[in-house]
Amino acid sequence: MEPAIIDADIAAIRGQWILLAADDLNSEYADDRCANGRARRQEWRMGVIDYRSTKELPIVDIVNLYKSNEWSSAQKPEILLKALKNSENVISAWSEDRLIGLGNAISDGCLVVYYPHLLVLPDYHGRGVGREIIRQLKEIYKDFHQHIIVSEFNAVNFYQSVGFSRAGNTVPMWIYEGNDH
């Protein structure tokens with residue numbers, strides 16, 4: 001059976017992957033749903049990337065992902081896991097049994113959404129994984145008035161490429177006792 005291309009323009013531009021509709025997926029993927037209720041996965045030359053909307057994530061995989069990106073929250077695994085479970089939405093990306101990316105959203109439920117975490121294993125940077133996670137999160141909150149993200153300086157170009165822009169003359173501020181993420 002030939003796979004149905006959902007985002008042909010993206011597939012043509014990237015040339016590396018194809019998004020498949022739920023009907024084209026094996027039954028093992030039938031319960032993994034994205035924003036529009038359909039299962040998603042990407043076919044890569046090197047394997048398959050599955051996107052899942054779930055908060056049930058193995059703590060070992062989460063810690064590995066956060067450590068590989070040098071995020072200090074990896075040093076507090078139980079709190080990190082609780083934070084992700086308390087998020088309104090979590091989208092994760094998997095290559096076979098390996099967690100390779102994750103993004104989450106915190107929202108007031110109708111007006112404002114904040115995306116606090118977007119991480120992709122360094123080996124998968126530049127392959128569209130983070131772009132797809134953000135696309136799915138933005139789709140869930142497409143009718144919201146305000147989407148907020150605080151970007152590290154070296155990630156500004158990426159976030160601009162997925163539709164974010166500087167918020168006027170605002171300055172991000174925080175109370176934080178660490179010296180990293």
# chains A, B, ... in the order shown; residues from 1 in each chain; ligands from 1

$ select_by_dssp --residues "stretch 89-152 of chain A" --states "strand (DSSP E)" --output "PDB file with N, CA, C and O atoms, in the first residue's frame"
ATOM      1  N   ASN A  89      -0.254  19.573  27.715  1.00  0.00           N
ATOM      2  CA  ASN A  89       0.045  18.669  26.605  1.00  0.00           C
ATOM      3  C   ASN A  89       1.532  18.396  26.532  1.00  0.00           C
ATOM      4  O   ASN A  89       2.350  19.289  26.804  1.00  0.00           O
ATOM      5  N   VAL A  90       1.879  17.179  26.137  1.00  0.00           N
ATOM      6  CA  VAL A  90       3.263  16.782  25.880  1.00  0.00           C
ATOM      7  C   VAL A  90       3.266  16.017  24.564  1.00  0.00           C
ATOM      8  O   VAL A  90       2.480  15.085  24.388  1.00  0.00           O
ATOM      9  N   ILE A  91       4.127  16.430  23.662  1.00  0.00           N
ATOM     10  CA  ILE A  91       4.335  15.709  22.402  1.00  0.00           C
ATOM     11  C   ILE A  91       5.748  15.150  22.461  1.00  0.00           C
ATOM     12  O   ILE A  91       6.709  15.885  22.710  1.00  0.00           O
ATOM     13  N   SER A  92       5.884  13.853  22.220  1.00  0.00           N
ATOM     14  CA  SER A  92       7.209  13.235  22.222  1.00  0.00           C
ATOM     15  C   SER A  92       7.486  12.617  20.861  1.00  0.00           C
ATOM     16  O   SER A  92       6.568  12.247  20.129  1.00  0.00           O
ATOM     17  N   ALA A  93       8.767  12.519  20.528  1.00  0.00           N
ATOM     18  CA  ALA A  93       9.208  11.922  19.269  1.00  0.00           C
ATOM     19  C   ALA A  93      10.067  10.708  19.596  1.00  0.00           C
ATOM     20  O   ALA A  93      10.929  10.760  20.478  1.00  0.00           O
ATOM     21  N   TRP A  94       9.825   9.619  18.880  1.00  0.00           N
ATOM     22  CA  TRP A  94      10.488   8.344  19.149  1.00  0.00           C
ATOM     23  C   TRP A  94      11.078   7.767  17.885  1.00  0.00           C
ATOM     24  O   TRP A  94      10.451   7.784  16.831  1.00  0.00           O
ATOM     25  N   SER A  95      12.279   7.237  17.998  1.00  0.00           N
ATOM     26  CA  SER A  95      12.892   6.432  16.949  1.00  0.00           C
ATOM     27  C   SER A  95      12.995   5.027  17.526  1.00  0.00           C
ATOM     28  O   SER A  95      13.808   4.777  18.427  1.00  0.00           O
ATOM     29  N   ARG A  98      13.516   4.615  21.334  1.00  0.00           N
ATOM     30  CA  ARG A  98      14.353   5.693  21.855  1.00  0.00           C
ATOM     31  C   ARG A  98      13.628   7.033  21.801  1.00  0.00           C
ATOM     32  O   ARG A  98      13.207   7.481  20.728  1.00  0.00           O
ATOM     33  N   LEU A  99      13.502   7.692  22.961  1.00  0.00           N
ATOM     34  CA  LEU A  99      12.951   9.041  23.017  1.00  0.00           C
ATOM     35  C   LEU A  99      13.977   9.994  22.425  1.00  0.00           C
ATOM     36  O   LEU A  99      15.094  10.101  22.932  1.00  0.00           O
ATOM     37  N   ILE A 100      13.608  10.687  21.344  1.00  0.00           N
ATOM     38  CA  ILE A 100      14.568  11.579  20.683  1.00  0.00           C
ATOM     39  C   ILE A 100      14.163  13.042  20.751  1.00  0.00           C
ATOM     40  O   ILE A 100      14.949  13.919  20.411  1.00  0.00           O
ATOM     41  N   GLY A 101      12.930  13.316  21.199  1.00  0.00           N
ATOM     42  CA  GLY A 101      12.497  14.697  21.294  1.00  0.00           C
ATOM     43  C   GLY A 101      11.255  14.838  22.132  1.00  0.00           C
ATOM     44  O   GLY A 101      10.504  13.874  22.312  1.00  0.00           O
ATOM     45  N   LEU A 102      11.045  16.052  22.637  1.00  0.00           N
ATOM     46  CA  LEU A 102       9.908  16.294  23.514  1.00  0.00           C
ATOM     47  C   LEU A 102       9.613  17.784  23.560  1.00  0.00           C
ATOM     48  O   LEU A 102      10.525  18.612  23.566  1.00  0.00           O
ATOM     49  N   GLY A 103       8.344  18.121  23.576  1.00  0.00           N
ATOM     50  CA  GLY A 103       7.907  19.492  23.793  1.00  0.00           C
ATOM     51  C   GLY A 103       6.664  19.472  24.649  1.00  0.00           C
ATOM     52  O   GLY A 103       5.878  18.519  24.581  1.00  0.00           O
ATOM     53  N   ASN A 104       6.467  20.503  25.478  1.00  0.00           N
ATOM     54  CA  ASN A 104       5.277  20.534  26.321  1.00  0.00           C
ATOM     55  C   ASN A 104       4.634  21.903  26.278  1.00  0.00           C
ATOM     56  O   ASN A 104       5.217  22.879  25.808  1.00  0.00           O
ATOM     57  N   ALA A 105       3.387  21.951  26.766  1.00  0.00           N
ATOM     58  CA  ALA A 105       2.616  23.188  26.782  1.00  0.00           C
ATOM     59  C   ALA A 105       1.915  23.342  28.118  1.00  0.00           C
ATOM     60  O   ALA A 105       1.410  22.367  28.685  1.00  0.00           O
ATOM     61  N   ILE A 106       1.889  24.577  28.604  1.00  0.00           N
ATOM     62  CA  ILE A 106       1.147  24.964  29.799  1.00  0.00           C
ATOM     63  C   ILE A 106       0.207  26.072  29.348  1.00  0.00           C
ATOM     64  O   ILE A 106       0.627  26.999  28.651  1.00  0.00           O
ATOM     65  N   SER A 107      -1.050  25.983  29.749  1.00  0.00           N
ATOM     66  CA  SER A 107      -2.036  26.909  29.210  1.00  0.00           C
ATOM     67  C   SER A 107      -3.089  27.306  30.231  1.00  0.00           C
ATOM     68  O   SER A 107      -3.341  26.583  31.188  1.00  0.00           O
ATOM     69  N   VAL A 112      -4.064  31.928  26.455  1.00  0.00           N
ATOM     70  CA  VAL A 112      -2.600  31.970  26.423  1.00  0.00           C
ATOM     71  C   VAL A 112      -2.024  30.565  26.599  1.00  0.00           C
ATOM     72  O   VAL A 112      -2.484  29.808  27.450  1.00  0.00           O
ATOM     73  N   VAL A 113      -1.008  30.267  25.806  1.00  0.00           N
ATOM     74  CA  VAL A 113      -0.269  29.012  25.947  1.00  0.00           C
ATOM     75  C   VAL A 113       1.215  29.336  25.989  1.00  0.00           C
ATOM     76  O   VAL A 113       1.697  30.222  25.279  1.00  0.00           O
ATOM     77  N   TYR A 114       1.920  28.636  26.847  1.00  0.00           N
ATOM     78  CA  TYR A 114       3.363  28.792  27.001  1.00  0.00           C
ATOM     79  C   TYR A 114       4.014  27.442  26.726  1.00  0.00           C
ATOM     80  O   TYR A 114       3.554  26.412  27.223  1.00  0.00           O
ATOM     81  N   LEU A 118      11.383  22.432  24.750  1.00  0.00           N
ATOM     82  CA  LEU A 118      11.510  21.766  23.454  1.00  0.00           C
ATOM     83  C   LEU A 118      12.941  21.259  23.394  1.00  0.00           C
ATOM     84  O   LEU A 118      13.885  22.042  23.402  1.00  0.00           O
ATOM     85  N   LEU A 119      13.079  19.942  23.409  1.00  0.00           N
ATOM     86  CA  LEU A 119      14.401  19.322  23.374  1.00  0.00           C
ATOM     87  C   LEU A 119      14.422  18.229  22.319  1.00  0.00           C
ATOM     88  O   LEU A 119      13.450  17.492  22.176  1.00  0.00           O
ATOM     89  N   VAL A 120      15.543  18.126  21.628  1.00  0.00           N
ATOM     90  CA  VAL A 120      15.771  17.057  20.653  1.00  0.00           C
ATOM     91  C   VAL A 120      17.184  16.543  20.891  1.00  0.00           C
ATOM     92  O   VAL A 120      18.104  17.341  21.124  1.00  0.00           O
ATOM     93  N   GLN A 146      -2.502  34.063  22.228  1.00  0.00           N
ATOM     94  CA  GLN A 146      -1.079  34.297  22.451  1.00  0.00           C
ATOM     95  C   GLN A 146      -0.340  32.988  22.695  1.00  0.00           C
ATOM     96  O   GLN A 146      -0.727  32.198  23.542  1.00  0.00           O
ATOM     97  N   HIS A 147       0.712  32.776  21.904  1.00  0.00           N
ATOM     98  CA  HIS A 147       1.620  31.638  22.076  1.00  0.00           C
ATOM     99  C   HIS A 147       2.949  32.216  22.543  1.00  0.00           C
ATOM    100  O   HIS A 147       3.508  33.095  21.882  1.00  0.00           O
ATOM    101  N   ILE A 148       3.467  31.710  23.657  1.00  0.00           N
ATOM    102  CA  ILE A 148       4.675  32.290  24.253  1.00  0.00           C
ATOM    103  C   ILE A 148       5.769  31.239  24.355  1.00  0.00           C
ATOM    104  O   ILE A 148       5.526  30.102  24.748  1.00  0.00           O
TER     105      ILE A 148
END

$ select_by_dssp --residues "stretch 38-99 of chain A" --states "helix (DSSP H, G or I)" --output "list of chain:residue names"
A:Ile59, A:Val60, A:Asp61, A:Ile62, A:Val63, A:Asn64, A:Leu65, A:Tyr66, A:Lys67, A:Ser68, A:Ser72, A:Ser73, A:Ala74, A:Gln75, A:Pro77, A:Glu78, A:Ile79, A:Leu80, A:Leu81, A:Lys82, A:Ala83, A:Leu84, A:Lys85, A:Asn86

$ write_last_selection --atoms "N, CA, C and O atoms" --output "JSON list (two decimals), in the first residue's frame"
[["chain", "number", "residue", "atom", "x", "y", "z"],
["A", 59, "ILE", "N", 11.10, 7.54, 32.80],
["A", 59, "ILE", "CA", 11.96, 8.53, 33.44],
["A", 59, "ILE", "C", 13.41, 8.43, 32.94],
["A", 59, "ILE", "O", 14.09, 9.44, 32.77],
["A", 60, "VAL", "N", 13.87, 7.22, 32.67],
["A", 60, "VAL", "CA", 15.24, 7.04, 32.17],
["A", 60, "VAL", "C", 15.42, 7.75, 30.83],
["A", 60, "VAL", "O", 16.43, 8.42, 30.60],
["A", 61, "ASP", "N", 14.44, 7.64, 29.96],
["A", 61, "ASP", "CA", 14.51, 8.29, 28.64],
["A", 61, "ASP", "C", 14.44, 9.81, 28.78],
["A", 61, "ASP", "O", 15.14, 10.54, 28.06],
["A", 62, "ILE", "N", 13.60, 10.29, 29.69],
["A", 62, "ILE", "CA", 13.49, 11.73, 29.90],
["A", 62, "ILE", "C", 14.83, 12.29, 30.40],
["A", 62, "ILE", "O", 15.32, 13.28, 29.89],
["A", 63, "VAL", "N", 15.40, 11.64, 31.41],
["A", 63, "VAL", "CA", 16.67, 12.10, 31.96],
["A", 63, "VAL", "C", 17.76, 12.09, 30.89],
["A", 63, "VAL", "O", 18.53, 13.05, 30.78],
["A", 64, "ASN", "N", 17.81, 11.06, 30.07],
["A", 64, "ASN", "CA", 18.80, 10.99, 29.00],
["A", 64, "ASN", "C", 18.64, 12.16, 28.02],
["A", 64, "ASN", "O", 19.62, 12.80, 27.64],
["A", 65, "LEU", "N", 17.41, 12.46, 27.63],
["A", 65, "LEU", "CA", 17.15, 13.56, 26.71],
["A", 65, "LEU", "C", 17.57, 14.89, 27.31],
["A", 65, "LEU", "O", 18.25, 15.70, 26.66],
["A", 66, "TYR", "N", 17.22, 15.14, 28.55],
["A", 66, "TYR", "CA", 17.55, 16.41, 29.20],
["A", 66, "TYR", "C", 19.06, 16.52, 29.47],
["A", 66, "TYR", "O", 19.64, 17.59, 29.28],
["A", 67, "LYS", "N", 19.69, 15.42, 29.87],
["A", 67, "LYS", "CA", 21.14, 15.44, 30.07],
["A", 67, "LYS", "C", 21.88, 15.70, 28.77],
["A", 67, "LYS", "O", 22.85, 16.46, 28.73],
["A", 68, "SER", "N", 21.43, 15.06, 27.69],
["A", 68, "SER", "CA", 22.12, 15.23, 26.40],
["A", 68, "SER", "C", 22.05, 16.67, 25.91],
["A", 68, "SER", "O", 22.87, 17.09, 25.10],
["A", 72, "SER", "N", 19.64, 21.41, 33.38],
["A", 72, "SER", "CA", 19.83, 21.07, 34.80],
["A", 72, "SER", "C", 18.65, 20.32, 35.39],
["A", 72, "SER", "O", 18.80, 19.63, 36.39],
["A", 73, "SER", "N", 17.48, 20.42, 34.81],
["A", 73, "SER", "CA", 16.32, 19.71, 35.35],
["A", 73, "SER", "C", 16.51, 18.20, 35.29],
["A", 73, "SER", "O", 15.82, 17.47, 36.00],
["A", 74, "ALA", "N", 17.48, 17.72, 34.52],
["A", 74, "ALA", "CA", 17.80, 16.29, 34.50],
["A", 74, "ALA", "C", 18.31, 15.84, 35.87],
["A", 74, "ALA", "O", 18.24, 14.65, 36.20],
["A", 75, "GLN", "N", 18.81, 16.77, 36.67],
["A", 75, "GLN", "CA", 19.32, 16.44, 38.00],
["A", 75, "GLN", "C", 18.21, 16.28, 39.03],
["A", 75, "GLN", "O", 18.47, 15.91, 40.17],
["A", 77, "PRO", "N", 15.05, 14.32, 38.51],
["A", 77, "PRO", "CA", 14.17, 13.52, 37.65],
["A", 77, "PRO", "C", 12.74, 13.37, 38.14],
["A", 77, "PRO", "O", 11.81, 13.43, 37.34],
["A", 78, "GLU", "N", 12.54, 13.20, 39.43],
["A", 78, "GLU", "CA", 11.17, 13.02, 39.93],
["A", 78, "GLU", "C", 10.35, 14.29, 39.76],
["A", 78, "GLU", "O", 9.18, 14.25, 39.37],
["A", 79, "ILE", "N", 10.97, 15.44, 40.02],
["A", 79, "ILE", "CA", 10.27, 16.72, 39.85],
["A", 79, "ILE", "C", 10.03, 16.99, 38.36],
["A", 79, "ILE", "O", 8.96, 17.46, 37.98],
["A", 80, "LEU", "N", 11.01, 16.69, 37.53],
["A", 80, "LEU", "CA", 10.86, 16.86, 36.09],
["A", 80, "LEU", "C", 9.70, 16.02, 35.56],
["A", 80, "LEU", "O", 8.85, 16.51, 34.80],
["A", 81, "LEU", "N", 9.64, 14.76, 35.95],
["A", 81, "LEU", "CA", 8.56, 13.88, 35.51],
["A", 81, "LEU", "C", 7.20, 14.43, 35.97],
["A", 81, "LEU", "O", 6.23, 14.46, 35.21],
["A", 82, "LYS", "N", 7.13, 14.89, 37.22],
["A", 82, "LYS", "CA", 5.89, 15.46, 37.75],
["A", 82, "LYS", "C", 5.50, 16.71, 36.96],
["A", 82, "LYS", "O", 4.32, 16.92, 36.63],
["A", 83, "ALA", "N", 6.48, 17.55, 36.62],
["A", 83, "ALA", "CA", 6.21, 18.76, 35.84],
["A", 83, "ALA", "C", 5.64, 18.41, 34.47],
["A", 83, "ALA", "O", 4.68, 19.04, 34.02],
["A", 84, "LEU", "N", 6.22, 17.42, 33.82],
["A", 84, "LEU", "CA", 5.71, 17.02, 32.51],
["A", 84, "LEU", "C", 4.29, 16.46, 32.62],
["A", 84, "LEU", "O", 3.43, 16.75, 31.79],
["A", 85, "LYS", "N", 4.04, 15.66, 33.64],
["A", 85, "LYS", "CA", 2.69, 15.10, 33.84],
["A", 85, "LYS", "C", 1.68, 16.20, 34.14],
["A", 85, "LYS", "O", 0.50, 16.06, 33.82],
["A", 86, "ASN", "N", 2.12, 17.30, 34.77],
["A", 86, "ASN", "CA", 1.22, 18.40, 35.07],
["A", 86, "ASN", "C", 1.05, 19.37, 33.90],
["A", 86, "ASN", "O", 0.25, 20.30, 33.98]]

$ closest_residue --among "A:His145, A:Arg127, A:Arg52, A:Lys138" --to "A:Gly163" --atoms "only C-alpha atoms"
A:Lys138
